[in-house]
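This is my_file_12.pdb. It holds PDB, C-alpha atoms, pLDDT in the B column.
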ATOM      1  CA  MET A   1     218.502 198.715 209.396  1.00 48.00           C
ATOM      2  CA  THR A   2     221.752 197.718 207.682  1.00 48.00           C
ATOM      3  CA  PHE A   3     224.854 199.757 206.950  1.00 52.00           C
ATOM      4  CA  SER A   4     227.725 199.468 204.493  1.00 54.00           C
ATOM      5  CA  SER A   5     231.274 198.685 205.652  1.00 56.00           C
ATOM      6  CA  ASP A   6     232.296 202.261 204.809  1.00 62.00           C
ATOM      7  CA  GLU A   7     229.684 203.578 207.247  1.00 65.00           C
ATOM      8  CA  CYS A   8     231.011 201.383 210.056  1.00 73.00           C
ATOM      9  CA  CYS A   9     234.704 202.302 210.038  1.00 85.00           C
ATOM     10  CA  LEU A  10     237.019 205.279 210.298  1.00 93.00           C
ATOM     11  CA  PRO A  11     237.928 207.095 207.080  1.00 90.00           C
ATOM     12  CA  SER A  12     241.232 206.017 205.545  1.00 91.00           C
ATOM     13  CA  ASP A  13     242.656 209.507 206.062  1.00 92.00           C
ATOM     14  CA  PHE A  14     241.639 209.769 209.738  1.00 94.00           C
ATOM     15  CA  SER A  15     243.939 212.366 211.293  1.00 93.00           C
ATOM     16  CA  GLY A  16     243.691 211.319 214.929  1.00 95.00           C
ATOM     17  CA  THR A  17     241.957 214.587 215.858  1.00 97.00           C
ATOM     18  CA  VAL A  18     238.326 214.376 216.996  1.00 98.00           C
ATOM     19  CA  ARG A  19     235.421 216.597 217.986  1.00 98.00           C
ATOM     20  CA  LEU A  20     234.301 215.896 221.550  1.00 97.00           C
ATOM     21  CA  PHE A  21     230.694 215.628 222.682  1.00 97.00           C
ATOM     22  CA  PRO A  22     230.677 215.245 226.489  1.00 95.00           C
ATOM     23  CA  LEU A  23     227.544 213.969 228.223  1.00 94.00           C
ATOM     24  CA  PRO A  24     226.984 213.014 231.876  1.00 92.00           C
ATOM     25  CA  ASN A  25     224.607 210.136 231.183  1.00 92.00           C
ATOM     26  CA  LEU A  26     225.736 208.267 228.055  1.00 94.00           C
ATOM     27  CA  VAL A  27     228.526 205.836 227.192  1.00 96.00           C
ATOM     28  CA  LEU A  28     228.679 204.775 223.560  1.00 96.00           C
ATOM     29  CA  PHE A  29     230.186 201.420 222.539  1.00 97.00           C
ATOM     30  CA  PRO A  30     231.551 200.242 219.178  1.00 95.00           C
ATOM     31  CA  SER A  31     228.808 198.822 216.924  1.00 91.00           C
ATOM     32  CA  VAL A  32     226.028 200.395 219.019  1.00 92.00           C
ATOM     33  CA  VAL A  33     223.672 202.898 217.370  1.00 93.00           C
ATOM     34  CA  GLN A  34     222.488 205.772 219.566  1.00 94.00           C
ATOM     35  CA  ALA A  35     219.828 208.355 218.764  1.00 95.00           C
ATOM     36  CA  LEU A  36     220.805 211.895 219.780  1.00 96.00           C
ATOM     37  CA  HIS A  37     219.091 215.268 219.876  1.00 95.00           C
ATOM     38  CA  LEU A  38     221.376 218.311 219.630  1.00 96.00           C
ATOM     39  CA  PHE A  39     220.053 221.696 220.701  1.00 94.00           C
ATOM     40  CA  GLU A  40     222.932 223.647 222.276  1.00 94.00           C
ATOM     41  CA  PRO A  41     224.383 226.071 219.684  1.00 94.00           C
ATOM     42  CA  ARG A  42     227.950 224.805 220.212  1.00 95.00           C
ATOM     43  CA  TYR A  43     226.961 221.212 219.483  1.00 96.00           C
ATOM     44  CA  CYS A  44     224.803 222.191 216.532  1.00 96.00           C
ATOM     45  CA  GLN A  45     227.934 223.858 215.154  1.00 97.00           C
ATOM     46  CA  LEU A  46     229.907 220.694 215.925  1.00 97.00           C
ATOM     47  CA  MET A  47     227.312 218.754 213.952  1.00 97.00           C
ATOM     48  CA  ARG A  48     227.541 221.047 210.929  1.00 97.00           C
ATOM     49  CA  ASP A  49     231.335 220.952 210.967  1.00 97.00           C
ATOM     50  CA  SER A  50     231.286 217.170 211.237  1.00 97.00           C
ATOM     51  CA  LEU A  51     228.862 216.788 208.322  1.00 97.00           C
ATOM     52  CA  ALA A  52     231.108 219.002 206.196  1.00 96.00           C
ATOM     53  CA  ASP A  53     234.163 216.921 207.084  1.00 95.00           C
ATOM     54  CA  ASP A  54     234.501 213.314 208.309  1.00 94.00           C
ATOM     55  CA  LYS A  55     231.017 212.760 209.840  1.00 96.00           C
ATOM     56  CA  LEU A  56     232.646 211.763 213.132  1.00 97.00           C
ATOM     57  CA  ILE A  57     231.542 212.736 216.643  1.00 98.00           C
ATOM     58  CA  THR A  58     233.382 211.369 219.670  1.00 98.00           C
ATOM     59  CA  MET A  59     231.254 210.646 222.712  1.00 98.00           C
ATOM     60  CA  CYS A  60     232.870 211.054 226.125  1.00 97.00           C
ATOM     61  CA  LEU A  61     231.517 210.706 229.639  1.00 96.00           C
ATOM     62  CA  THR A  62     231.902 213.621 232.025  1.00 94.00           C
ATOM     63  CA  VAL A  63     233.335 213.069 235.490  1.00 92.00           C
ATOM     64  CA  PRO A  64     230.910 213.909 238.346  1.00 84.00           C
ATOM     65  CA  ASN A  65     230.841 217.614 239.148  1.00 71.00           C
ATOM     66  CA  ASP A  66     233.928 219.191 240.660  1.00 63.00           C
ATOM     67  CA  PRO A  67     233.127 222.721 241.928  1.00 59.00           C
ATOM     68  CA  ARG A  68     236.582 223.847 240.791  1.00 58.00           C
ATOM     69  CA  VAL A  69     235.824 223.020 237.143  1.00 56.00           C
ATOM     70  CA  PRO A  70     233.662 225.389 235.009  1.00 58.00           C
ATOM     71  CA  ASP A  71     230.270 223.940 234.052  1.00 66.00           C
ATOM     72  CA  ASP A  72     230.936 224.609 230.364  1.00 71.00           C
ATOM     73  CA  HIS A  73     234.241 222.703 230.406  1.00 81.00           C
ATOM     74  CA  PRO A  74     233.717 219.641 232.630  1.00 87.00           C
ATOM     75  CA  GLU A  75     236.383 217.032 233.268  1.00 91.00           C
ATOM     76  CA  ILE A  76     235.941 213.971 231.034  1.00 95.00           C
ATOM     77  CA  HIS A  77     237.091 210.363 231.112  1.00 97.00           C
ATOM     78  CA  ASP A  78     240.013 209.767 228.798  1.00 97.00           C
ATOM     79  CA  VAL A  79     238.692 206.578 227.164  1.00 98.00           C
ATOM     80  CA  VAL A  80     236.071 207.543 224.593  1.00 98.00           C
ATOM     81  CA  CYS A  81     234.163 206.115 221.653  1.00 98.00           C
ATOM     82  CA  ILE A  82     234.445 207.622 218.194  1.00 98.00           C
ATOM     83  CA  GLY A  83     231.074 207.560 216.453  1.00 97.00           C
ATOM     84  CA  LYS A  84     229.994 208.092 212.866  1.00 97.00           C
ATOM     85  CA  ILE A  85     226.829 209.889 211.775  1.00 97.00           C
ATOM     86  CA  LEU A  86     224.588 207.428 209.940  1.00 95.00           C
ATOM     87  CA  ALA A  87     221.521 209.610 209.454  1.00 95.00           C
ATOM     88  CA  HIS A  88     220.428 213.070 210.497  1.00 95.00           C
ATOM     89  CA  HIS A  89     217.614 215.570 210.232  1.00 95.00           C
ATOM     90  CA  GLU A  90     217.987 219.303 210.787  1.00 93.00           C
ATOM     91  CA  LEU A  91     214.929 220.940 212.322  1.00 94.00           C
ATOM     92  CA  ASP A  92     213.626 224.334 211.250  1.00 92.00           C
ATOM     93  CA  ASP A  93     215.174 226.045 214.282  1.00 93.00           C
ATOM     94  CA  GLY A  94     218.663 224.603 213.665  1.00 90.00           C
ATOM     95  CA  ARG A  95     218.485 221.704 216.106  1.00 94.00           C
ATOM     96  CA  PHE A  96     219.415 218.198 214.940  1.00 95.00           C
ATOM     97  CA  ASN A  97     218.183 214.660 215.390  1.00 95.00           C
ATOM     98  CA  LEU A  98     220.712 212.025 214.400  1.00 96.00           C
ATOM     99  CA  LEU A  99     221.759 208.407 214.594  1.00 96.00           C
ATOM    100  CA  LEU A 100     225.356 207.875 215.661  1.00 96.00           C
ATOM    101  CA  MET A 101     227.110 204.498 215.414  1.00 96.00           C
ATOM    102  CA  GLY A 102     230.060 203.761 217.672  1.00 96.00           C
ATOM    103  CA  ILE A 103     232.984 202.559 215.580  1.00 96.00           C
ATOM    104  CA  GLN A 104     236.207 202.716 217.619  1.00 97.00           C
ATOM    105  CA  ARG A 105     237.505 202.952 221.179  1.00 98.00           C
ATOM    106  CA  ALA A 106     240.129 205.653 221.650  1.00 98.00           C
ATOM    107  CA  LYS A 107     242.095 207.385 224.389  1.00 98.00           C
ATOM    108  CA  ILE A 108     242.471 211.136 224.652  1.00 98.00           C
ATOM    109  CA  ILE A 109     246.159 212.067 224.455  1.00 98.00           C
ATOM    110  CA  ARG A 110     245.670 215.824 224.710  1.00 97.00           C
ATOM    111  CA  GLU A 111     242.992 218.415 224.203  1.00 96.00           C
ATOM    112  CA  ILE A 112     243.891 221.037 221.640  1.00 96.00           C
ATOM    113  CA  GLU A 113     243.218 224.771 221.589  1.00 93.00           C
ATOM    114  CA  VAL A 114     240.452 225.751 219.189  1.00 93.00           C
ATOM    115  CA  ASP A 115     238.678 228.954 218.157  1.00 93.00           C
ATOM    116  CA  HIS A 116     235.172 227.468 218.143  1.00 92.00           C
ATOM    117  CA  PRO A 117     232.886 226.702 221.104  1.00 93.00           C
ATOM    118  CA  TYR A 118     233.161 222.900 221.214  1.00 96.00           C
ATOM    119  CA  ARG A 119     236.180 220.883 222.374  1.00 96.00           C
ATOM    120  CA  MET A 120     238.626 218.844 220.279  1.00 97.00           C
ATOM    121  CA  ALA A 121     241.390 216.392 221.117  1.00 98.00           C
ATOM    122  CA  ASP A 122     244.098 214.218 219.668  1.00 98.00           C
ATOM    123  CA  VAL A 123     243.436 210.554 220.368  1.00 98.00           C
ATOM    124  CA  GLN A 124     245.141 207.180 220.219  1.00 98.00           C
ATOM    125  CA  LEU A 125     243.052 204.371 218.749  1.00 98.00           C
ATOM    126  CA  LEU A 126     242.537 201.395 221.065  1.00 98.00           C
ATOM    127  CA  GLU A 127     242.119 197.743 220.114  1.00 97.00           C
ATOM    128  CA  ASP A 128     240.785 194.788 222.074  1.00 97.00           C
ATOM    129  CA  ILE A 129     243.267 192.387 223.653  1.00 97.00           C
ATOM    130  CA  PRO A 130     241.720 189.057 222.606  1.00 95.00           C
ATOM    131  CA  VAL A 131     241.446 185.850 224.590  1.00 95.00           C
ATOM    132  CA  ASP A 132     244.248 183.554 223.399  1.00 94.00           C
ATOM    133  CA  ASP A 133     242.759 180.239 224.548  1.00 95.00           C
ATOM    134  CA  ALA A 134     239.937 178.771 222.452  1.00 93.00           C
ATOM    135  CA  LEU A 135     238.565 176.668 225.320  1.00 95.00           C
ATOM    136  CA  ILE A 136     238.422 179.641 227.677  1.00 94.00           C
ATOM    137  CA  GLU A 137     236.727 181.708 224.984  1.00 92.00           C
ATOM    138  CA  ALA A 138     234.148 178.963 224.386  1.00 90.00           C
ATOM    139  CA  GLY A 139     233.361 178.898 228.100  1.00 93.00           C
ATOM    140  CA  MET A 140     233.014 182.687 228.161  1.00 92.00           C
ATOM    141  CA  ARG A 141     230.603 182.603 225.231  1.00 90.00           C
ATOM    142  CA  ALA A 142     228.495 179.900 226.865  1.00 88.00           C
ATOM    143  CA  LYS A 143     228.299 181.928 230.072  1.00 89.00           C
ATOM    144  CA  LEU A 144     227.340 185.111 228.209  1.00 87.00           C
ATOM    145  CA  LEU A 145     224.553 183.321 226.341  1.00 83.00           C
ATOM    146  CA  GLU A 146     223.318 181.799 229.617  1.00 83.00           C
ATOM    147  CA  ILE A 147     223.167 185.267 231.196  1.00 82.00           C
ATOM    148  CA  PHE A 148     221.553 186.678 228.058  1.00 79.00           C
ATOM    149  CA  ARG A 149     218.724 184.108 228.202  1.00 77.00           C
ATOM    150  CA  HIS A 150     218.245 184.720 231.919  1.00 76.00           C
ATOM    151  CA  LEU A 151     218.014 188.487 231.461  1.00 72.00           C
ATOM    152  CA  ILE A 152     215.522 188.095 228.617  1.00 68.00           C
ATOM    153  CA  GLN A 153     213.324 185.837 230.749  1.00 67.00           C
ATOM    154  CA  ALA A 154     213.556 188.224 233.694  1.00 60.00           C
ATOM    155  CA  GLU A 155     212.763 191.206 231.435  1.00 55.00           C
ATOM    156  CA  LYS A 156     216.026 192.865 232.462  1.00 53.00           C
ATOM    157  CA  LEU A 157     217.412 193.247 228.951  1.00 54.00           C
ATOM    158  CA  LEU A 158     216.149 195.637 226.312  1.00 51.00           C
ATOM    159  CA  GLU A 159     214.039 193.638 223.860  1.00 47.00           C
ATOM    160  CA  GLN A 160     215.994 193.918 220.656  1.00 48.00           C
ATOM    161  CA  ASP A 161     215.487 191.361 217.892  1.00 50.00           C
ATOM    162  CA  SER A 162     218.734 192.498 216.308  1.00 50.00           C
ATOM    163  CA  LEU A 163     220.693 191.707 219.479  1.00 54.00           C
ATOM    164  CA  LYS A 164     219.125 188.250 219.683  1.00 55.00           C
ATOM    165  CA  SER A 165     220.189 187.409 216.150  1.00 55.00           C
ATOM    166  CA  LEU A 166     223.685 188.764 216.731  1.00 55.00           C
ATOM    167  CA  CYS A 167     224.160 186.397 219.660  1.00 53.00           C
ATOM    168  CA  ILE A 168     223.171 183.488 217.465  1.00 50.00           C
ATOM    169  CA  ASP A 169     225.676 184.594 214.856  1.00 54.00           C
ATOM    170  CA  LYS A 170     228.514 184.301 217.408  1.00 69.00           C
ATOM    171  CA  LEU A 171     229.995 187.743 217.413  1.00 82.00           C
ATOM    172  CA  PRO A 172     233.504 188.313 218.752  1.00 90.00           C
ATOM    173  CA  ILE A 173     233.398 188.035 222.543  1.00 92.00           C
ATOM    174  CA  GLY A 174     234.488 191.625 223.124  1.00 94.00           C
ATOM    175  CA  LEU A 175     231.749 192.985 220.883  1.00 92.00           C
ATOM    176  CA  LEU A 176     229.138 190.731 222.475  1.00 90.00           C
ATOM    177  CA  ILE A 177     230.060 192.052 225.919  1.00 93.00           C
ATOM    178  CA  ASP A 178     229.824 195.620 224.625  1.00 94.00           C
ATOM    179  CA  LEU A 179     226.344 195.078 223.195  1.00 88.00           C
ATOM    180  CA  MET A 180     225.085 193.426 226.362  1.00 87.00           C
ATOM    181  CA  SER A 181     226.668 196.115 228.560  1.00 89.00           C
ATOM    182  CA  PHE A 182     224.836 198.779 226.577  1.00 88.00           C
ATOM    183  CA  SER A 183     221.557 196.869 226.779  1.00 82.00           C
ATOM    184  CA  ILE A 184     221.293 196.175 230.505  1.00 82.00           C
ATOM    185  CA  VAL A 185     220.386 198.888 232.975  1.00 80.00           C
ATOM    186  CA  ILE A 186     223.545 199.654 234.962  1.00 84.00           C
ATOM    187  CA  PRO A 187     225.058 202.886 236.306  1.00 88.00           C
ATOM    188  CA  VAL A 188     226.816 204.929 233.666  1.00 92.00           C
ATOM    189  CA  GLU A 189     230.156 204.830 235.509  1.00 94.00           C
ATOM    190  CA  GLN A 190     230.084 201.032 235.322  1.00 93.00           C
ATOM    191  CA  ARG A 191     229.455 201.218 231.586  1.00 94.00           C
ATOM    192  CA  GLN A 192     232.490 203.502 231.366  1.00 97.00           C
ATOM    193  CA  ALA A 193     234.565 200.892 233.216  1.00 96.00           C
ATOM    194  CA  ILE A 194     233.544 198.298 230.625  1.00 97.00           C
ATOM    195  CA  LEU A 195     234.445 200.681 227.785  1.00 98.00           C
ATOM    196  CA  ALA A 196     237.878 201.356 229.315  1.00 98.00           C
ATOM    197  CA  THR A 197     238.767 197.668 229.697  1.00 98.00           C
ATOM    198  CA  LEU A 198     240.672 196.510 226.613  1.00 98.00           C
ATOM    199  CA  ASP A 199     241.552 193.036 227.867  1.00 98.00           C
ATOM    200  CA  VAL A 200     238.516 191.013 226.781  1.00 97.00           C
ATOM    201  CA  LEU A 201     238.869 188.449 229.587  1.00 97.00           C
ATOM    202  CA  LYS A 202     238.937 191.219 232.218  1.00 97.00           C
ATOM    203  CA  ARG A 203     236.004 192.931 230.469  1.00 97.00           C
ATOM    204  CA  PHE A 204     234.095 189.654 230.671  1.00 96.00           C
ATOM    205  CA  GLN A 205     234.852 189.317 234.390  1.00 95.00           C
ATOM    206  CA  LYS A 206     233.611 192.851 235.089  1.00 94.00           C
ATOM    207  CA  PHE A 207     230.457 192.285 233.068  1.00 94.00           C
ATOM    208  CA  ILE A 208     229.639 189.010 234.838  1.00 91.00           C
ATOM    209  CA  ILE A 209     229.700 190.756 238.212  1.00 90.00           C
ATOM    210  CA  LEU A 210     227.404 193.501 236.950  1.00 87.00           C
ATOM    211  CA  ALA A 211     224.987 191.181 235.175  1.00 84.00           C
ATOM    212  CA  GLU A 212     224.635 188.785 238.095  1.00 74.00           C
ATOM    213  CA  ASP A 213     224.213 191.484 240.736  1.00 66.00           C
ATOM    214  CA  ALA A 214     220.472 191.896 241.177  1.00 40.00           C
ATOM    215  CA  THR A 215     220.996 195.241 242.896  1.00 35.00           C
ATOM    216  CA  THR A 216     222.570 196.863 239.830  1.00 39.00           C
ATOM    217  CA  VAL A 217     220.454 195.344 237.057  1.00 40.00           C
ATOM    218  CA  THR A 218     216.889 196.674 237.093  1.00 39.00           C
ATOM    219  CA  ALA A 219     213.985 195.949 234.817  1.00 36.00           C
ATOM    220  CA  ALA A 220     214.086 197.842 231.523  1.00 34.00           C
ATOM    221  CA  SER A 221     211.008 199.270 229.895  1.00 33.00           C
ATOM    222  CA  SER A 222     209.542 196.750 227.456  1.00 32.00           C
ATOM    223  CA  ASP A 223     208.671 199.400 224.880  1.00 34.00           C
ATOM    224  CA  ILE A 224     212.285 200.427 224.237  1.00 32.00           C
ATOM    225  CA  ASP A 225     213.533 199.345 220.838  1.00 38.00           C
ATOM    226  CA  PHE A 226     216.716 199.558 218.821  1.00 36.00           C
ATOM    227  CA  PRO A 227     218.041 202.173 218.382  1.00 39.00           C
ATOM    228  CA  PRO A 228     217.240 203.372 221.905  1.00 44.00           C
ATOM    229  CA  SER A 229     215.477 206.596 222.774  1.00 51.00           C
ATOM    230  CA  PHE A 230     217.019 209.968 222.020  1.00 56.00           C
ATOM    231  CA  SER A 231     219.651 211.369 224.352  1.00 64.00           C
ATOM    232  CA  SER A 232     219.796 215.164 224.544  1.00 63.00           C
ATOM    233  CA  ASN A 233     222.858 217.341 225.116  1.00 68.00           C
TER
END
Encoded form using structure tokens:
Amino acid sequence: MTFSSDECCLPSDFSGTVRLFPLPNLVLFPSVVQALHLFEPRYCQLMRDSLADDKLITMCLTVPNDPRVPDDHPEIHDVVCIGKILAHHELDDGRFNLLLMGIQRAKIIREIEVDHPYRMADVQLLEDIPVDDALIEAGMRAKLLEIFRHLIQAEKLLEQDSLKSLCIDKLPIGLLIDLMSFSIVIPVEQRQAILATLDVLKRFQKFIILAEDATTVTAASSDIDFPPSFSSN
């Protein structure tokens, strides 16, 4: 599946205000495509509003339950991923299946008051802090590819032909770490830590610890393909 450049970036008139879709078990990364199933009425409305506007949905991870916080308004991490709807199908009962591509890290500046059931926020766009030494970057890439091959052989990485080809094409280091972080089986809070790390060298260091720790990387099902299975709200 290929997408045009317009489908993989924010609209030119992006206002900085986003619709929030909190989930307790999913962290989206830029350039990753995630299948979603929406069934709660508030998120089906979010979907319709998004389709009528900018086609953006911002995924955010909820913080583990705090009994002082209402279940319908959980606390969320402030670093999020803005996603763009690539394809969708509305079911007869009003539910939706969709493919959402992550396109941009962002940080929630403030939530805003709204008169509809889903949450919205103003965000600041975040950019990677690149590695400024070519030799260090080359060493990082070599290490990532070594780990990638090891995980493939140990069946601890989702079998995705697209990811294999992307490694060969020498993606930017930050993006490569994101794709690998999404593809290995690690706790969701550790994925969130990777998402929140803008400094690519520090992101690399965090990923290496996770990828080399046999207690946190477990075998992934061999029948999972790209995009991954649906995640429900």
- One decimal, Å: what's the distance from CA of Glu146 in chain A over to CA of Gly102 in chain A, could you say?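 Distance reported for this atom pair: 25.9 Å.
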- Could you check how far CA of His37 in chain A sits from CA of Leu98 in chain A, in Å to one decimal? 6.6 Å
- Nearest-residue call for Arg105 in chain A, choices A:Ala196, A:His73, A:His89, A:Leu135, using all atoms listed in the file: A:Ala196
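Between CA of Arg203 in chain A and CA of Pro24 in chain A lies a distance of 22.1 Å.
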On this structure, the PyMOL selection byres ((chain A and resi 80) around 12) would catch which residues? List them as a tab-separated table (two decimals) with C-alpha atoms, in the frame of the given file, sorted by chain and number.
chain	number	residue	atom	x	y	z
A	18	VAL	CA	238.33	214.38	217.00
A	19	ARG	CA	235.42	216.60	217.99
A	20	LEU	CA	234.30	215.90	221.55
A	21	PHE	CA	230.69	215.63	222.68
A	22	PRO	CA	230.68	215.24	226.49
A	23	LEU	CA	227.54	213.97	228.22
A	26	LEU	CA	225.74	208.27	228.06
A	27	VAL	CA	228.53	205.84	227.19
A	28	LEU	CA	228.68	204.78	223.56
A	29	PHE	CA	230.19	201.42	222.54
A	30	PRO	CA	231.55	200.24	219.18
A	57	ILE	CA	231.54	212.74	216.64
A	58	THR	CA	233.38	211.37	219.67
A	59	MET	CA	231.25	210.65	222.71
A	60	CYS	CA	232.87	211.05	226.12
A	61	LEU	CA	231.52	210.71	229.64
A	62	THR	CA	231.90	213.62	232.02
A	76	ILE	CA	235.94	213.97	231.03
A	77	HIS	CA	237.09	210.36	231.11
A	78	ASP	CA	240.01	209.77	228.80
A	79	VAL	CA	238.69	206.58	227.16
A	81	CYS	CA	234.16	206.12	221.65
A	82	ILE	CA	234.44	207.62	218.19
A	83	GLY	CA	231.07	207.56	216.45
A	102	GLY	CA	230.06	203.76	217.67
A	103	ILE	CA	232.98	202.56	215.58
A	104	GLN	CA	236.21	202.72	217.62
A	105	ARG	CA	237.50	202.95	221.18
A	106	ALA	CA	240.13	205.65	221.65
A	107	LYS	CA	242.10	207.38	224.39
A	108	ILE	CA	242.47	211.14	224.65
A	109	ILE	CA	246.16	212.07	224.46
A	121	ALA	CA	241.39	216.39	221.12
A	122	ASP	CA	244.10	214.22	219.67
A	123	VAL	CA	243.44	210.55	220.37
A	124	GLN	CA	245.14	207.18	220.22
A	125	LEU	CA	243.05	204.37	218.75
A	126	LEU	CA	242.54	201.40	221.06
A	191	ARG	CA	229.46	201.22	231.59
A	192	GLN	CA	232.49	203.50	231.37
A	193	ALA	CA	234.56	200.89	233.22
A	194	ILE	CA	233.54	198.30	230.62
A	195	LEU	CA	234.44	200.68	227.78
A	196	ALA	CA	237.88	201.36	229.32
A	197	THR	CA	238.77	197.67	229.70
- Message: For this structure, which residues satisfy the selection - the PyMOL selection byres ((chain A and resi 169-178) around 8) - when it is evaluated on the file as given? I want them as an MDAnalysis selection string.
- Response: chainID A and resid 29:31 128 130 137 140:141 144 165:168 179:182 194:195 200 203:204 207
- Note on the structure: Using all atoms listed in the file, the residue out of A:Arg95, A:Ile112, A:Leu198, A:Gln205 with shortest distance to Phe39 in chain A is A:Arg95
- Task: Find the residues with any atom within 6 Å of (224.0, 222.2, 214.1); use all atoms listed in the file and the coordinates as given in the file, and write the answer as a ChimeraX atom specification.
- Result: /A:44-45,47-48,94-95
- For the file shown, report as a list in words the outcome of the PyMOL selection byres ((chain A and resi 84) around 6) at residue level. Lys55, Leu56, Gly83, Ile85, Leu100 and Met101 of chain A
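Nearest to Gly16 in chain A of all the residues A:Leu99, A:Ile147, A:Met120, A:Ala35 is A:Met120, counting only C-alpha atoms.
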- Among listed residues A:Pro41, A:Asp199, A:Val188, A:Lys206, nearest Asn25 in chain A (using all atoms listed in the file):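 Between A:Pro41, A:Asp199, A:Val188, A:Lys206, the residue approaching Asn25 in chain A most closely is A:Val188.
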Would you list the residues near (238.8, 209.5, 205.0) (no more than 12 Å away, in the coordinates of the file, using all atoms listed in the file) as a PDB file with C-alpha atoms, keeping the file's coordinate frame?
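Result file is part_28.pdb:
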ATOM      1  CA  ASP A   6     232.296 202.261 204.809  1.00 62.00           C
ATOM      2  CA  GLU A   7     229.684 203.578 207.247  1.00 65.00           C
ATOM      3  CA  CYS A   9     234.704 202.302 210.038  1.00 85.00           C
ATOM      4  CA  LEU A  10     237.019 205.279 210.298  1.00 93.00           C
ATOM      5  CA  PRO A  11     237.928 207.095 207.080  1.00 90.00           C
ATOM      6  CA  SER A  12     241.232 206.017 205.545  1.00 91.00           C
ATOM      7  CA  ASP A  13     242.656 209.507 206.062  1.00 92.00           C
ATOM      8  CA  PHE A  14     241.639 209.769 209.738  1.00 94.00           C
ATOM      9  CA  SER A  15     243.939 212.366 211.293  1.00 93.00           C
ATOM     10  CA  GLY A  16     243.691 211.319 214.929  1.00 95.00           C
ATOM     11  CA  ASP A  53     234.163 216.921 207.084  1.00 95.00           C
ATOM     12  CA  ASP A  54     234.501 213.314 208.309  1.00 94.00           C
ATOM     13  CA  LYS A  55     231.017 212.760 209.840  1.00 96.00           C
ATOM     14  CA  LEU A  56     232.646 211.763 213.132  1.00 97.00           C
ATOM     15  CA  LYS A  84     229.994 208.092 212.866  1.00 97.00           C
TER      16      LYS A  84
END
